[in-house]
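For reference, the structure discussed in these notes is given below.
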Amino acid sequence: MSRVSETRPMEMLKDPETENGRRGQKTSLSVLEGMGFRVGQALGERLPQDTLAFREELDALKFLCKDVWVAVFQKQMDGLRTNHQGTYVLQDNDFPLLVRMASGLQYLEEAPKFLAFTCGLLRGTLNTLGIKSLVTASVAALPACKFQVVIQRA
């Protein structure tokens, strides 16, 4: 009979050199983004089939800004801009996940943790709509944020 290791699973994942460093934070943000991607895919799969037939990318992005954003955050996105070459900027001036953090500048550094999941959510929903993309987020002043969506061509 072999002896089962008494090491806890979470302890096995810890790397003392990177746990508190940049690689540890990047890994955590990557995990959050991956979780958001899966949720976005599931959300996209639950959409009515007639909704999934967008003729242009811009229509799909408008759908994200209006319908998907309302379904998730009970409000529409505040702005959508494009360069008509596959880059879109979605702006939310009062992003619900950042509202409570808006009381002080000390929280500005923590904002990316709350945006990684949402970037994945947008990317996953677009993926379900048949659009491959790269989504990044930025915060200049809380609680406003911008999501940049770059469509990846085949």
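Labeling convention for the structure tokens: chains A, B, ... as they appear, residues from 1 per chain, ligands from 1 in order of appearance.
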
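All residues in segment 25-151 of chain A with a DSSP state of strand (DSSP E), computed from the backbone, read Gly79, Leu80, Arg81, Thr82, Thr87, Tyr88, Val89, Leu90, Gln91, Asp92, Ser133, Leu134, Val135, Thr136, Ala137, Ser138, Cys145, Lys146, Phe147, Gln148, Val149, Val150 and Ile151 of chain A.
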
Q: Do a neighbour search on segment 122-125 of chain A at 7 Å with only C-alpha atoms, toss out local chain neighbours closer than 5 positions, and write the hits as a PyMOL selection string.
A: chain A and resi 37-38+40-41+43-44+133-135

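Using only C-alpha atoms, the smallest distance between any of A:Thr118, A:Val89, A:Thr82, A:Ala111 and Trp69 of chain A comes from A:Thr118.
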
Q. Which is closest to Phe114 of chain A among A:Ser138, A:Asn83, A:Gln91, A:Gln74, if we use only C-alpha atoms?
A. A:Ser138

Q.
For a quick check of understanding, using only C-alpha atoms, which of A:Val149, A:Ala140, A:Val72, A:Leu58 has the smallest distance to Glu109 of chain A?
A.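 Among the listed residues, A:Ala140 lies closest to Glu109 of chain A.
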
Q.
Would you compute the distance between atom CA of Lys132 of chain A and atom CA of Gly86 of chain A? Give it in Å to one decimal.
A. 10.8 Å

Q: Can you pull out every residue within 12 Å of Asp67 of chain A, counting only C-alpha atoms, but drop anything in the same chain fewer than 4 positions away, and send it as number ranges by chain?
A: A: 43-44, 47, 51, 59-63, 71-77, 125

Q. Leaving out segment 32-35 of chain A and any residue of its chain fewer than 5 positions from it, which residues lie within 7 Å of it when counting only C-alpha atoms, given as a ChimeraX atom specification?
A. /A:116-117,119-120

Q) Which residues, written as a list in words, have at least one atom at most 12 Å from Gln85 of chain A, with only C-alpha atoms counted and residues fewer than 6 positions away on the same chain left out? A) Glu57, Leu58, Val149, Val150, Ile151, Gln152 and Arg153 of chain A

Q.
I'd like to know which of A:Ala141, A:Val39, A:Gly79, A:Phe147 is closest to Val99 of chain A, using only C-alpha atoms.
A.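 Using only C-alpha atoms, Val99 of chain A sits closest to A:Ala141.
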
(Q) So that I can see what lies close to Arg100 of chain A, please list as an NGL selection string the residues with an atom at most 10 Å from it, counting only C-alpha atoms and leaving out residues fewer than 4 positions away in the same chain. (A) :A and (95-96 or 104 or 107 or 142-143)
